[in-house]
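Beneath this line is the structure, given in structure tokens, with notes to follow.
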Amino acid sequence: VATPQTATQNAARHVPPPHGYPGPRPVAVPSKSHSYAMERAQPVAAPAPRQNPLVSDAVRRAMVQRVARQGVKDALVLGALEGVPRHMFMEEALASQAYIDASLPIGHQQTISRPYIVARMIEVMRNGGQLKRVLEIGTGCGYQAAVLARVAQEVYSIERIKLLHELAKNNLRPLRVPNLRLHDGD
């Protein structure tokens, strides 16, 4: 246990005394076995807790199953929805609500669309075919662009609100989506 006294003792052991001062008296040093026993008695560090236990893969799969029960049948779209971590696209305070079927605020009087709506729009757009190039107007936080990028060959997304454009870039950066281009403009 570190105390002011042990700090002073340690400093005295490693710093030469000023000229004319004999220095401190020698102090008893704990034996190696005592030191080993003290180390073993220290509590074991617990694993770091998850940031939010409500954003697990199981919760995301449950969201996708709910969207499928609501009528979305396209397996490619459902797989894309499951592959994108929606909680990464919203404020940490709202992350526990990321997988409910609701639109949630992302700032600047905008919202992230309901998972069902995202999936249904992409399913209708695909209509069983292949999506080559997609233009998304209104990137928002970047969630739908990330889902689209898992379905289409190329996605171009434009956002007119500069701060939302920056938010989307920051949200998408860790996902490293190679076929997605963001543009700030109107």
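Identifiers in the structure tokens: chain A, B, ... in order shown; residue index from 1 per chain; ligand index from 1 in order shown.
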*Find the residues near range 58-71 of chain A: any atom within 12 Å, counting only C-alpha atoms, skip ones fewer than 4 places away on the same chain, and give them as a VMD selection string.*
chain A and resid 52 to 54 75 to 87 95 to 102 114 to 120 123 to 124
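Residue nearest Asn170 in chain A within the list A:Gly142, A:Thr111, A:Asn127, A:Val147: A:Gly142 [criterion: smallest interatomic distance, only C-alpha atoms].
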*asked:* Excluding Gln110 in chain A and its own-chain neighbours fewer than 3 positions away, which residues fall within 12 Å of it when counting only C-alpha atoms? Please give them as a PyMOL selection string.
replied: chain A and resi 90+103-107+113+138-141+159+161+163-164
*asked:* Which residues are close to Val155 in chain A, i.e. within 10 Å by only C-alpha atoms, leaving aside same-chain residues fewer than 2 positions away? Reply as a ChimeraX atom specification.
replied: /A:131-136,145-153,157,177-182
For the residues selected in the previous step, produce a file with N, CA and C atoms as a tab-separated table (two decimals), in the first residue's frame.
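Okay, this is what ended up in out-v8.tsv:
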chain	number	residue	atom	x	y	z
A	131	LEU	N	-28.85	-4.06	-57.66
A	131	LEU	CA	-28.64	-2.61	-57.64
A	131	LEU	C	-27.20	-2.32	-58.01
A	132	LYS	N	-27.05	-1.49	-59.05
A	132	LYS	CA	-25.69	-1.14	-59.48
A	132	LYS	C	-25.27	0.16	-58.82
A	133	ARG	N	-25.80	1.27	-59.29
A	133	ARG	CA	-25.47	2.58	-58.71
A	133	ARG	C	-26.72	3.15	-58.06
A	134	VAL	N	-26.52	3.61	-56.81
A	134	VAL	CA	-27.64	4.18	-56.06
A	134	VAL	C	-27.24	5.57	-55.60
A	135	LEU	N	-28.16	6.51	-55.78
A	135	LEU	CA	-27.97	7.87	-55.28
A	135	LEU	C	-28.93	8.05	-54.12
A	136	GLU	N	-28.38	8.35	-52.96
A	136	GLU	CA	-29.20	8.61	-51.79
A	136	GLU	C	-29.17	10.10	-51.52
A	145	ALA	N	-27.20	4.47	-45.81
A	145	ALA	CA	-26.13	4.37	-46.80
A	145	ALA	C	-25.29	3.12	-46.55
A	146	ALA	N	-25.03	2.81	-45.28
A	146	ALA	CA	-24.26	1.61	-44.94
A	146	ALA	C	-25.01	0.34	-45.31
A	147	VAL	N	-26.32	0.33	-45.07
A	147	VAL	CA	-27.14	-0.83	-45.44
A	147	VAL	C	-27.19	-0.96	-46.96
A	148	LEU	N	-27.40	0.16	-47.65
A	148	LEU	CA	-27.42	0.16	-49.11
A	148	LEU	C	-26.11	-0.37	-49.70
A	149	ALA	N	-25.00	0.01	-49.09
A	149	ALA	CA	-23.68	-0.39	-49.61
A	149	ALA	C	-23.48	-1.90	-49.52
A	150	ARG	N	-24.23	-2.58	-48.68
A	150	ARG	CA	-24.14	-4.04	-48.59
A	150	ARG	C	-24.99	-4.71	-49.67
A	151	VAL	N	-25.84	-3.94	-50.33
A	151	VAL	CA	-26.75	-4.49	-51.34
A	151	VAL	C	-26.37	-4.04	-52.74
A	152	ALA	N	-25.92	-2.81	-52.88
A	152	ALA	CA	-25.62	-2.23	-54.19
A	152	ALA	C	-24.12	-2.28	-54.49
A	153	GLN	N	-23.80	-2.16	-55.79
A	153	GLN	CA	-22.39	-2.13	-56.18
A	153	GLN	C	-21.73	-0.82	-55.79
A	157	SER	N	-24.02	9.19	-51.72
A	157	SER	CA	-24.97	9.80	-50.80
A	157	SER	C	-24.59	11.26	-50.60
A	177	VAL	N	-16.32	1.15	-45.53
A	177	VAL	CA	-17.20	0.74	-46.62
A	177	VAL	C	-16.57	1.21	-47.93
A	178	PRO	N	-16.03	0.30	-48.75
A	178	PRO	CA	-15.28	0.71	-49.94
A	178	PRO	C	-16.13	1.23	-51.10
A	179	ASN	N	-17.40	0.84	-51.17
A	179	ASN	CA	-18.23	1.20	-52.32
A	179	ASN	C	-19.22	2.33	-52.00
A	180	LEU	N	-18.89	3.16	-51.01
A	180	LEU	CA	-19.76	4.24	-50.59
A	180	LEU	C	-19.01	5.56	-50.67
A	181	ARG	N	-19.60	6.53	-51.37
A	181	ARG	CA	-19.03	7.87	-51.49
A	181	ARG	C	-20.01	8.86	-50.90
A	182	LEU	N	-19.49	9.73	-50.01
A	182	LEU	CA	-20.32	10.76	-49.39
A	182	LEU	C	-19.98	12.12	-50.01
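Separating CA of Lys169 in chain A from CA of His183 in chain A is a distance of 9.7 Å.
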_One-decimal distance in Å that lies between CA of Ile122 in chain A and CA of Ser56 in chain A_ = 24.1 Å
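A straight line drawn from CA of Ile137 in chain A to CA of Ala168 in chain A is 13.1 Å long.
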*asked:* For the alpha helix (DSSP H) assignment from backbone DSSP, which residues of range 33-162 of chain A qualify? Please present them as a PyMOL selection string.
replied: chain A and resi 33-41+57-69+75-83+115-126+143-149+162
_strand (DSSP E) positions in range 49-152 of chain A, given as number ranges by chain_ = A: 104-107, 110-112, 131-137, 152
